[in-house]
>>> print(open('run_9.tsv').read())   # TSV, C-alpha atoms and all ligand atoms
chain	number	residue	atom	x	y	z
C	13	MET	CA	81.12	11.88	-19.99
C	14	GLN	CA	79.02	14.55	-18.31
C	15	TYR	CA	76.81	16.94	-20.28
C	16	ASN	CA	75.85	20.48	-19.35
C	17	TYR	CA	73.46	22.90	-21.00
C	18	LEU	CA	74.74	26.35	-21.92
C	19	ASN	CA	72.80	29.00	-23.83
C	20	GLY	CA	70.82	26.68	-26.06
C	21	LYS	CA	73.37	23.85	-26.44
C	22	PHE	CA	73.96	20.52	-24.73
C	23	LEU	CA	77.74	20.35	-24.37
C	24	TYR	CA	80.37	18.13	-22.79
C	25	LYS	CA	81.32	19.49	-19.38
C	26	ASN	CA	84.83	20.40	-20.55
C	27	GLU	CA	83.41	22.21	-23.61
C	28	SER	CA	80.88	24.37	-21.76
C	29	LYS	CA	82.80	27.62	-21.44
C	30	ILE	CA	81.59	31.12	-20.68
C	31	SER	CA	83.05	34.57	-21.34
C	32	THR	CA	85.20	36.24	-18.68
C	33	GLU	CA	82.87	39.22	-19.29
C	34	ASP	CA	79.92	37.27	-17.87
C	35	ARG	CA	78.39	39.51	-15.21
C	36	GLY	CA	77.98	36.51	-12.96
C	37	PHE	CA	81.78	36.10	-13.03
C	38	ASN	CA	82.50	39.82	-12.51
C	39	PHE	CA	79.69	40.97	-10.22
C	40	ALA	CA	77.86	37.82	-9.02
C	41	ASP	CA	75.03	39.42	-11.01
C	42	GLY	CA	72.80	36.39	-11.36
C	43	ILE	CA	70.42	33.98	-9.77
C	44	TYR	CA	70.20	30.21	-9.39
C	45	GLU	CA	68.05	27.24	-8.41
C	46	VAL	CA	68.90	23.77	-7.12
C	47	ILE	CA	66.19	21.27	-8.03
C	48	ALA	CA	66.10	17.66	-6.87
C	49	PHE	CA	65.02	14.74	-9.03
C	50	ARG	CA	64.26	11.12	-8.13
C	51	LYS	CA	63.75	8.29	-10.55
C	52	LYS	CA	64.20	11.07	-13.15
C	53	ASN	CA	61.17	12.98	-11.77
C	54	LEU	CA	61.70	16.65	-10.95
C	55	LEU	CA	60.57	17.34	-7.37
C	56	ASN	CA	58.71	20.40	-6.09
C	57	TYR	CA	59.07	21.71	-9.64
C	58	SER	CA	56.40	24.42	-9.72
C	59	ARG	CA	57.65	25.87	-6.43
C	60	HIS	CA	61.17	26.15	-7.90
C	61	ILE	CA	59.86	27.76	-11.09
C	62	ASN	CA	57.81	30.32	-9.16
C	63	ARG	CA	60.85	31.29	-7.09
C	64	LEU	CA	63.00	31.45	-10.23
C	65	LYS	CA	60.54	33.90	-11.80
C	66	CYS	CA	60.54	36.04	-8.62
C	67	SER	CA	64.35	36.14	-8.52
C	68	LEU	CA	64.54	37.21	-12.19
C	69	GLN	CA	61.88	39.88	-11.75
C	70	SER	CA	63.41	41.26	-8.54
C	71	LEU	CA	66.75	41.83	-10.26
C	72	LYS	CA	65.24	42.77	-13.66
C	73	ILE	CA	67.28	40.06	-15.36
C	74	ASN	CA	65.88	39.17	-18.77
C	75	SER	CA	64.44	35.68	-18.89
C	76	PRO	CA	66.39	33.35	-21.22
C	77	PHE	CA	63.15	31.47	-21.99
C	78	LYS	CA	60.58	32.47	-24.59
C	79	ASN	CA	58.34	30.00	-22.91
C	80	LEU	CA	59.16	28.55	-19.48
C	81	SER	CA	57.61	25.21	-20.41
C	82	SER	CA	60.66	24.60	-22.66
C	83	LEU	CA	62.78	24.44	-19.50
C	84	HIS	CA	61.04	21.27	-18.37
C	85	PHE	CA	62.04	19.53	-21.62
C	86	ILE	CA	65.63	20.74	-21.35
C	87	LEU	CA	65.92	19.41	-17.78
C	88	LYS	CA	64.36	16.04	-18.62
C	89	TYR	CA	66.67	15.65	-21.62
C	90	LEU	CA	69.73	16.59	-19.57
C	91	ILE	CA	68.80	13.98	-16.96
C	92	GLU	CA	68.36	11.42	-19.74
C	93	ILE	CA	71.68	11.99	-21.53
C	94	ASN	CA	73.61	12.02	-18.25
C	95	HIS	CA	72.06	8.69	-17.21
C	96	ILE	CA	71.44	9.85	-13.65
C	97	GLU	CA	68.42	8.45	-11.80
C	98	ASN	CA	68.58	10.49	-8.59
C	99	GLY	CA	70.28	13.82	-8.29
C	100	PHE	CA	70.15	17.58	-8.49
C	101	ILE	CA	69.92	20.19	-11.19
C	102	TYR	CA	72.01	23.34	-10.78
C	103	LEU	CA	70.53	26.13	-12.89
C	104	GLN	CA	72.15	29.54	-13.12
C	105	ILE	CA	71.03	32.63	-15.00
C	106	THR	CA	73.29	35.67	-15.10
C	107	ARG	CA	72.42	39.09	-16.47
C	108	GLY	CA	74.63	38.43	-19.51
C	109	SER	CA	78.07	39.25	-20.88
C	110	SER	CA	79.35	42.76	-21.51
C	111	GLU	CA	82.44	44.89	-20.93
C	112	ARG	CA	82.97	45.27	-17.17
C	113	ASN	CA	80.87	48.19	-15.99
C	114	HIS	CA	78.57	48.36	-12.99
C	115	LEU	CA	75.95	49.88	-15.29
C	116	TYR	CA	74.19	47.46	-17.58
C	117	SER	CA	72.01	47.65	-20.64
C	118	PRO	CA	68.42	46.55	-19.85
C	119	LYS	CA	68.53	44.76	-23.22
C	120	LEU	CA	71.39	42.45	-22.27
C	121	LYS	CA	70.84	38.82	-23.23
C	122	SER	CA	71.10	36.65	-20.12
C	123	ASN	CA	73.36	33.58	-19.89
C	124	LEU	CA	71.73	30.28	-18.94
C	125	PHE	CA	73.85	27.45	-17.57
C	126	ILE	CA	72.54	24.12	-16.27
C	127	SER	CA	74.53	21.25	-14.80
C	128	ILE	CA	73.54	18.10	-13.03
C	129	PHE	CA	75.01	16.11	-10.18
C	130	GLN	CA	74.33	12.86	-8.39
C	131	THR	CA	72.57	12.65	-5.01
C	132	LYS	CA	74.92	12.59	-2.06
C	133	ASN	CA	74.20	10.20	0.75
C	134	PHE	CA	72.91	12.01	3.83
C	135	SER	CA	71.46	8.92	5.52
C	136	LYS	CA	74.08	9.03	8.29
C	137	TYR	CA	73.08	12.60	9.21
C	138	LYS	CA	69.41	11.63	9.13
C	139	LYS	CA	70.09	8.82	11.60
C	140	THR	CA	72.36	10.72	13.98
C	141	GLY	CA	71.21	14.32	13.56
C	142	VAL	CA	73.63	17.20	13.02
C	143	LYS	CA	75.31	19.96	14.97
C	144	VAL	CA	74.93	23.62	14.08
C	145	ILE	CA	76.92	26.62	15.23
C	146	THR	CA	75.72	30.23	15.19
C	147	SER	CA	77.26	33.45	13.92
C	148	ASN	CA	76.18	36.94	12.94
C	149	ASP	CA	74.22	37.24	9.73
C	150	ILE	CA	76.41	39.50	7.61
C	151	ARG	CA	74.42	39.14	4.39
C	152	TRP	CA	72.67	41.88	2.44
C	153	LYS	CA	69.00	42.58	3.12
C	154	ARG	CA	67.58	40.83	0.05
C	155	CYS	CA	68.12	37.24	1.15
C	156	ASP	CA	64.74	36.39	-0.44
C	157	ILE	CA	66.38	36.57	-3.88
C	158	LYS	CA	68.23	33.36	-4.74
C	159	SER	CA	71.27	35.29	-5.88
C	160	ILE	CA	74.58	33.65	-6.81
C	161	SER	CA	76.29	36.20	-4.58
C	162	LEU	CA	76.98	33.74	-1.75
C	163	LEU	CA	80.21	34.90	-0.14
C	164	ALA	CA	78.73	35.36	3.36
C	165	ASN	CA	77.09	31.92	3.07
C	166	VAL	CA	80.40	30.37	1.95
C	167	ILE	CA	82.22	31.88	4.95
C	168	GLY	CA	79.49	30.69	7.33
C	169	LYS	CA	79.40	27.18	5.93
C	170	GLN	CA	83.18	26.84	6.08
C	171	ALA	CA	83.15	28.02	9.72
C	172	ALA	CA	80.68	25.22	10.49
C	173	PHE	CA	82.91	22.68	8.75
C	174	ARG	CA	85.91	23.84	10.81
C	175	MET	CA	83.86	23.25	13.98
C	176	LYS	CA	82.79	19.77	12.75
C	177	ALA	CA	79.20	21.05	12.44
C	178	TYR	CA	76.90	20.69	9.45
C	179	GLU	CA	75.58	24.22	9.34
C	180	THR	CA	75.82	27.74	10.72
C	181	TRP	CA	72.56	29.32	11.89
C	182	GLN	CA	72.85	33.02	11.22
C	183	LYS	CA	71.73	35.59	13.80
C	184	TYR	CA	70.43	39.06	13.15
C	185	LYS	CA	70.09	41.09	16.38
C	186	ASN	CA	70.16	37.83	18.39
C	187	TYR	CA	67.35	36.25	16.37
C	188	ILE	CA	67.99	33.27	14.10
C	189	THR	CA	67.26	34.05	10.46
C	190	GLU	CA	68.30	30.81	8.69
C	191	GLY	CA	71.25	28.58	7.86
C	192	THR	CA	73.81	29.31	5.14
C	193	THR	CA	72.26	26.66	2.88
C	194	SER	CA	69.03	25.78	4.69
C	195	ASN	CA	66.06	27.07	6.71
C	196	ALA	CA	65.93	26.74	10.50
C	197	PHE	CA	63.09	25.36	12.65
C	198	ILE	CA	62.66	24.73	16.37
C	199	ILE	CA	59.88	22.99	18.30
C	200	LYS	CA	58.73	23.97	21.80
C	201	ASN	CA	55.68	22.52	23.57
C	202	LYS	CA	54.52	20.93	20.28
C	203	LYS	CA	54.58	24.32	18.50
C	204	ILE	CA	56.87	24.70	15.49
C	205	PHE	CA	58.69	28.00	15.00
C	206	THR	CA	60.46	29.29	11.89
C	207	HIS	CA	61.35	32.77	10.63
C	208	LYS	CA	58.61	34.31	8.53
C	209	LYS	CA	59.20	34.72	4.81
C	210	ASN	CA	60.61	38.18	4.22
C	211	ASN	CA	63.80	39.80	2.95
C	212	TYR	CA	65.87	38.32	5.81
C	213	ILE	CA	65.59	34.73	4.60
C	214	LEU	CA	65.36	32.71	1.43
C	215	GLY	CA	61.87	31.30	1.12
C	216	GLY	CA	62.97	27.68	0.87
C	217	VAL	CA	61.00	25.35	-1.35
C	218	THR	CA	61.47	22.58	1.23
C	219	ARG	CA	60.41	25.00	3.99
C	220	ASP	CA	57.17	25.72	2.13
C	221	ALA	CA	56.47	22.05	1.45
C	222	VAL	CA	57.14	21.10	5.09
C	223	ILE	CA	54.87	23.93	6.25
C	224	GLU	CA	52.13	22.57	3.98
C	225	ILE	CA	52.54	19.19	5.72
C	226	ILE	CA	52.58	20.78	9.21
C	227	LYS	CA	49.35	22.66	8.46
C	228	LYS	CA	47.66	19.53	7.10
C	229	LYS	CA	48.57	17.71	10.32
C	230	LYS	CA	47.00	20.58	12.28
C	231	ILE	CA	50.20	21.12	14.24
C	232	LYS	CA	50.58	24.68	15.51
C	233	LEU	CA	53.02	26.67	13.36
C	234	VAL	CA	54.42	30.06	14.31
C	235	GLU	CA	56.11	31.90	11.44
C	236	LYS	CA	58.00	34.36	13.57
C	237	LYS	CA	61.66	34.96	14.35
C	238	PHE	CA	62.99	33.04	17.36
C	239	SER	CA	65.94	34.04	19.53
C	240	ILE	CA	69.14	32.15	20.17
C	241	ASP	CA	67.90	31.51	23.73
C	242	ASP	CA	64.64	30.09	22.33
C	243	ALA	CA	66.80	27.76	20.24
C	244	PHE	CA	68.85	26.68	23.27
C	245	GLY	CA	65.64	25.94	25.17
C	246	ALA	CA	63.91	24.08	22.33
C	247	ASP	CA	62.51	20.55	22.66
C	248	GLU	CA	63.53	19.71	19.09
C	249	ALA	CA	65.18	21.42	16.15
C	250	PHE	CA	65.65	20.71	12.45
C	251	LEU	CA	66.73	22.29	9.19
C	252	THR	CA	65.42	21.97	5.64
C	253	SER	CA	66.84	22.25	2.13
C	254	THR	CA	66.43	20.70	-1.30
C	255	THR	CA	69.69	18.78	-0.99
C	256	VAL	CA	68.99	17.20	2.42
C	257	GLY	CA	65.21	17.39	2.87
C	258	ILE	CA	64.77	17.54	6.66
C	259	LEU	CA	67.81	17.07	8.92
C	260	PRO	CA	67.40	16.82	12.70
C	261	VAL	CA	69.54	19.25	14.71
C	262	ILE	CA	70.79	17.78	17.99
C	263	LYS	CA	73.34	20.39	19.12
C	264	ILE	CA	73.42	24.17	18.81
C	265	ASP	CA	76.75	25.84	19.68
C	266	ASN	CA	77.78	22.62	21.41
C	267	LYS	CA	74.70	22.67	23.70
C	268	LYS	CA	72.42	19.66	23.40
C	269	VAL	CA	68.92	20.30	22.09
C	270	SER	CA	66.83	18.77	24.87
C	271	ASN	CA	68.46	15.37	25.56
C	272	GLY	CA	70.58	15.48	22.39
C	273	LYS	CA	68.46	12.85	20.63
C	274	ILE	CA	66.35	13.29	17.51
C	275	GLY	CA	62.88	14.49	18.52
C	276	SER	CA	59.74	12.45	17.83
C	277	LEU	CA	57.92	15.21	15.91
C	278	THR	CA	60.99	15.77	13.76
C	279	LYS	CA	61.07	12.03	12.96
C	280	GLU	CA	57.40	12.15	12.05
C	281	LEU	CA	57.91	15.10	9.71
C	282	MET	CA	60.91	13.41	8.08
C	283	PHE	CA	58.71	10.42	7.32
C	284	ASP	CA	55.84	12.59	6.07
C	285	TYR	CA	58.16	14.56	3.81
C	286	GLU	CA	59.47	11.35	2.24
C	287	VAL	CA	55.87	10.34	1.50
C	288	TYR	CA	55.22	13.83	0.08
C	289	LEU	CA	58.17	13.48	-2.33
C	290	GLU	CA	57.35	9.89	-3.21
C	291	LYS	CA	53.88	11.00	-4.35
C	292	GLN	CA	55.51	13.19	-7.00
C	293	ILE	CA	57.22	10.21	-8.64
C	294	LYS	CA	55.59	8.65	-11.67
C	295	TYR	CA	56.57	5.01	-12.08
C	296	GLU	CA	56.45	3.85	-15.71
R	1	LIG	N1	70.45	26.18	-0.74
R	1	LIG	N2	68.37	29.23	2.75
R	1	LIG	C1	69.50	29.37	2.02
R	1	LIG	C2	70.38	30.52	2.30
R	1	LIG	C3	69.79	28.45	0.99
R	1	LIG	O1	70.90	28.60	0.25
R	1	LIG	C4	68.91	27.36	0.77
R	1	LIG	C5	69.16	26.34	-0.31
R	1	LIG	C6	67.78	27.24	1.58
R	1	LIG	C7	66.77	26.14	1.39
R	1	LIG	O2	66.02	26.34	0.22
R	1	LIG	P1	65.41	25.12	-0.59
R	1	LIG	O3	64.57	24.36	0.37
R	1	LIG	O4	64.62	25.76	-1.65
R	1	LIG	O5	66.54	24.27	-1.13
R	1	LIG	C8	67.53	28.20	2.55
R	1	LIG	C9	70.73	25.39	-1.91
R	1	LIG	C10	70.31	23.97	-1.79
R	1	LIG	C11	72.16	25.58	-2.33
R	1	LIG	O6	72.59	26.72	-2.31
R	1	LIG	O7	72.84	24.62	-2.70
>>> encode(input="run_9.tsv", output="structure tokens")
Amino acid sequence: MQYNYLNGKFLYKNESKISTEDRGFNFADGIYEVIAFRKKNLLNYSRHINRLKCSLQSLKINSPFKNLSSLHFILKYLIEINHIENGFIYLQITRGSSERNHLYSPKLKSNLFISIFQTKNFSKYKKTGVKVITSNDIRWKRCDIKSISLLANVIGKQAAFRMKAYETWQKYKNYITEGTTSNAFIIKNKKIFTHKKNNYILGGVTRDAVIEIIKKKKIKLVEKKFSIDDAFGADEAFLTSTTVGILPVIKIDNKKVSNGKIGSLTKELMFDYEVYLEKQIKYE
């Protein structure tokens, strides 16, 4: 039996119910985080918490926590009672429940929902690399907020699936912003390019961690938008997210990236990122 956490209670999955007046349900008025854990250790935890705080503040959603340190205990307990070793936390906070009205009371009590799911196996993709397609970025201009309003991302991801690709890289004025569920990187002449952190992309936790690794290795990093033609002419390409870590990209819009094989620098970073995560695990 799977347990969730809803507004202060650990409940069976089929008992965790929320009002149809939840503003997340009616307006997608909420934010979320997806946090990975391995051997029951939460990974990149402080980065996720910092982003969570930013998302709440940006939307002026009241925090459901008196003290954020209580969240760590809740997550650890949820992992324990679900008997999952390796997986992901889905955490959602909506502005709260009230009669449907675009206007809201600033005093509204937010709704906190947390569920947990097992790690999916992406090893095949890591070995073969993945294809991405591109399409226009039709999202709003506050992509830096990890909002649960994901309709444009859903449409983009489904379009990729239809084309037997893993991801859609979104374009704004012919420049790649990011994927629908991941950040986008290309490598040219040993320089790594990725969109800078601003309102056009979500500042990915994995992106930030990988950038930390890149900087430590003294590899040249350019945080600047790159065009679709830059992507077509890249030596290597990859994408990052909490759920997959680093995935090599071998085809963009059906054109091979370089020779269509996983690049050597990408392989190196994949290895380094594994080491980076492994260091966060405490073995008892
Ligand atoms: N998606 N960009 C977008 C639009 C995303 O939705 C995500 C993550 C990322 C990568 O962020 P991070 O490295 O912090 O996971 C970038 C999550 C995993 C999801 O929606 O399931």
>>> closest_residue(input="run_9.tsv", among="C:Asn133, C:Ser276, C:Asn113, C:Ser28", to="C:Gly257", atoms="all atoms listed in the file")
C:Asn133
>>> residues_near_ligand(input="run_9.tsv", ligand="ligand LIG 1 (chain R)", cutoff="8 Å", atoms="only C-alpha atoms and all ligand atoms", output="VMD selection string")
chain C and resid 45 to 47 60 155 158 165 190 to 195 213 to 220 252 to 255 257
>>> residues_around(input="run_9.tsv", residues="stretch 197-211 of chain C", least_positions_apart="6", cutoff="7 Å", atoms="all atoms listed in the file", output="list in words")
Lys153, Arg154, Cys155, Asp156, Thr189, Ile231, Lys232, Leu233, Val234, Glu235, Lys236, Lys237, Phe238, Ala243, Ala246, Asp247, Glu248, Ala249, Phe250 and Leu251 of chain C
>>> closest_residue(input="run_9.tsv", among="C:Ile223, C:Ala196, C:Leu18, C:Ile93", to="C:Ser239", atoms="all atoms listed in the file")
C:Ala196
>>> residues_near_point(input="run_9.tsv", point="(58.8, 13.8, 8.8)", cutoff="12 Å", atoms="only C-alpha atoms", output="ChimeraX atom specification")
/C:138,218,221-223,225-226,229,250-252,257-260,274-289
>>> atom_distance(input="run_9.tsv", atom1="atom CA of C:Glu97", atom2="atom CA of C:Lys139")
23.5 Å
>>> closest_residue(input="run_9.tsv", among="C:Ile157, C:Phe39, C:Tyr137, C:Ile128", to="C:Lys72", atoms="only C-alpha atoms")
C:Ile157
>>> atom_distance(input="run_9.tsv", atom1="atom CA of C:Pro76", atom2="atom CA of C:Tyr116")
16.5 Å
>>> residues_around(input="run_9.tsv", residues="C:Asp41", least_positions_apart="6", cutoff="8 Å", atoms="all atoms listed in the file", output="number ranges by chain")
C: 35, 106-107, 159-161
>>> residues_around(input="run_9.tsv", residues="C:Ile150", least_positions_apart="6", cutoff="9 Å", atoms="all atoms listed in the file", output="list in words")
Ala164, Asn165, Gln182, Lys183 and Tyr184 of chain C
>>> atom_distance(input="run_9.tsv", atom1="atom CA of C:Lys267", atom2="atom CA of C:Lys169")
18.9 Å
>>> decode(input="run_9.tsv", residues="stretch 267-278 of chain C", atoms="all heavy atoms", output="tab-separated table (two decimals), in the first residue's frame")
chain	number	residue	atom	x	y	z
C	267	LYS	N	18.40	15.26	-37.39
C	267	LYS	CA	19.78	15.45	-37.90
C	267	LYS	C	20.74	14.95	-36.83
C	267	LYS	O	20.57	15.27	-35.64
C	267	LYS	CB	20.05	16.94	-38.17
C	267	LYS	CG	19.25	17.52	-39.30
C	267	LYS	CD	19.73	18.95	-39.56
C	267	LYS	CE	18.92	19.66	-40.61
C	267	LYS	NZ	17.52	19.97	-40.23
C	268	LYS	N	21.73	14.18	-37.26
C	268	LYS	CA	22.70	13.65	-36.30
C	268	LYS	C	23.50	14.78	-35.66
C	268	LYS	O	23.89	15.72	-36.37
C	268	LYS	CB	23.69	12.72	-37.01
C	268	LYS	CG	23.14	11.34	-37.26
C	268	LYS	CD	24.23	10.50	-37.90
C	268	LYS	CE	23.67	9.17	-38.32
C	268	LYS	NZ	24.59	8.45	-39.20
C	269	VAL	N	23.76	14.67	-34.38
C	269	VAL	CA	24.71	15.59	-33.73
C	269	VAL	C	26.09	15.00	-33.99
C	269	VAL	O	26.38	13.88	-33.58
C	269	VAL	CB	24.44	15.69	-32.21
C	269	VAL	CG1	25.49	16.57	-31.54
C	269	VAL	CG2	23.04	16.20	-31.93
C	270	SER	N	26.90	15.74	-34.72
C	270	SER	CA	28.21	15.26	-35.15
C	270	SER	C	28.05	13.91	-35.87
C	270	SER	O	27.29	13.82	-36.83
C	270	SER	CB	29.16	15.20	-33.95
C	270	SER	OG	30.45	14.89	-34.36
C	271	ASN	N	28.68	12.83	-35.35
C	271	ASN	CA	28.56	11.54	-36.04
C	271	ASN	C	27.40	10.68	-35.50
C	271	ASN	O	27.28	9.51	-35.83
C	271	ASN	CB	29.89	10.77	-35.94
C	271	ASN	CG	30.26	10.50	-34.49
C	271	ASN	OD1	29.49	10.84	-33.57
C	271	ASN	ND2	31.42	9.91	-34.26
C	272	GLY	N	26.59	11.27	-34.64
C	272	GLY	CA	25.43	10.55	-34.10
C	272	GLY	C	25.78	9.62	-32.95
C	272	GLY	O	24.97	8.80	-32.52
C	273	LYS	N	27.01	9.74	-32.44
C	273	LYS	CA	27.44	8.92	-31.29
C	273	LYS	C	27.55	9.82	-30.06
C	273	LYS	O	27.74	11.04	-30.19
C	273	LYS	CB	28.82	8.30	-31.57
C	273	LYS	CG	28.87	7.45	-32.83
C	273	LYS	CD	29.03	5.98	-32.48
C	273	LYS	CE	28.59	5.06	-33.59
C	273	LYS	NZ	29.37	5.20	-34.83
C	274	ILE	N	27.49	9.20	-28.90
C	274	ILE	CA	27.61	9.98	-27.66
C	274	ILE	C	29.02	10.58	-27.58
C	274	ILE	O	30.00	9.87	-27.76
C	274	ILE	CB	27.35	9.09	-26.42
C	274	ILE	CG1	25.94	8.48	-26.50
C	274	ILE	CG2	27.51	9.89	-25.13
C	274	ILE	CD1	25.64	7.47	-25.42
C	275	GLY	N	29.07	11.89	-27.29
C	275	GLY	CA	30.36	12.58	-27.26
C	275	GLY	C	31.19	12.23	-26.03
C	275	GLY	O	30.65	11.84	-24.99
C	276	SER	N	32.52	12.40	-26.15
C	276	SER	CA	33.42	11.98	-25.06
C	276	SER	C	33.29	12.90	-23.83
C	276	SER	O	33.32	12.42	-22.69
C	276	SER	CB	34.86	11.96	-25.54
C	276	SER	OG	35.19	13.23	-26.04
C	277	LEU	N	33.09	14.19	-24.06
C	277	LEU	CA	32.95	15.11	-22.92
C	277	LEU	C	31.63	14.84	-22.18
C	277	LEU	O	31.56	14.89	-20.95
C	277	LEU	CB	33.03	16.56	-23.43
C	277	LEU	CG	33.25	17.65	-22.40
C	277	LEU	CD1	34.33	17.30	-21.40
C	277	LEU	CD2	33.61	18.96	-23.11
C	278	THR	N	30.61	14.54	-22.95
C	278	THR	CA	29.31	14.20	-22.34
C	278	THR	C	29.47	12.97	-21.44
C	278	THR	O	28.99	12.94	-20.31
C	278	THR	CB	28.25	13.92	-23.44
C	278	THR	OG1	28.19	15.04	-24.30
C	278	THR	CG2	26.88	13.64	-22.84
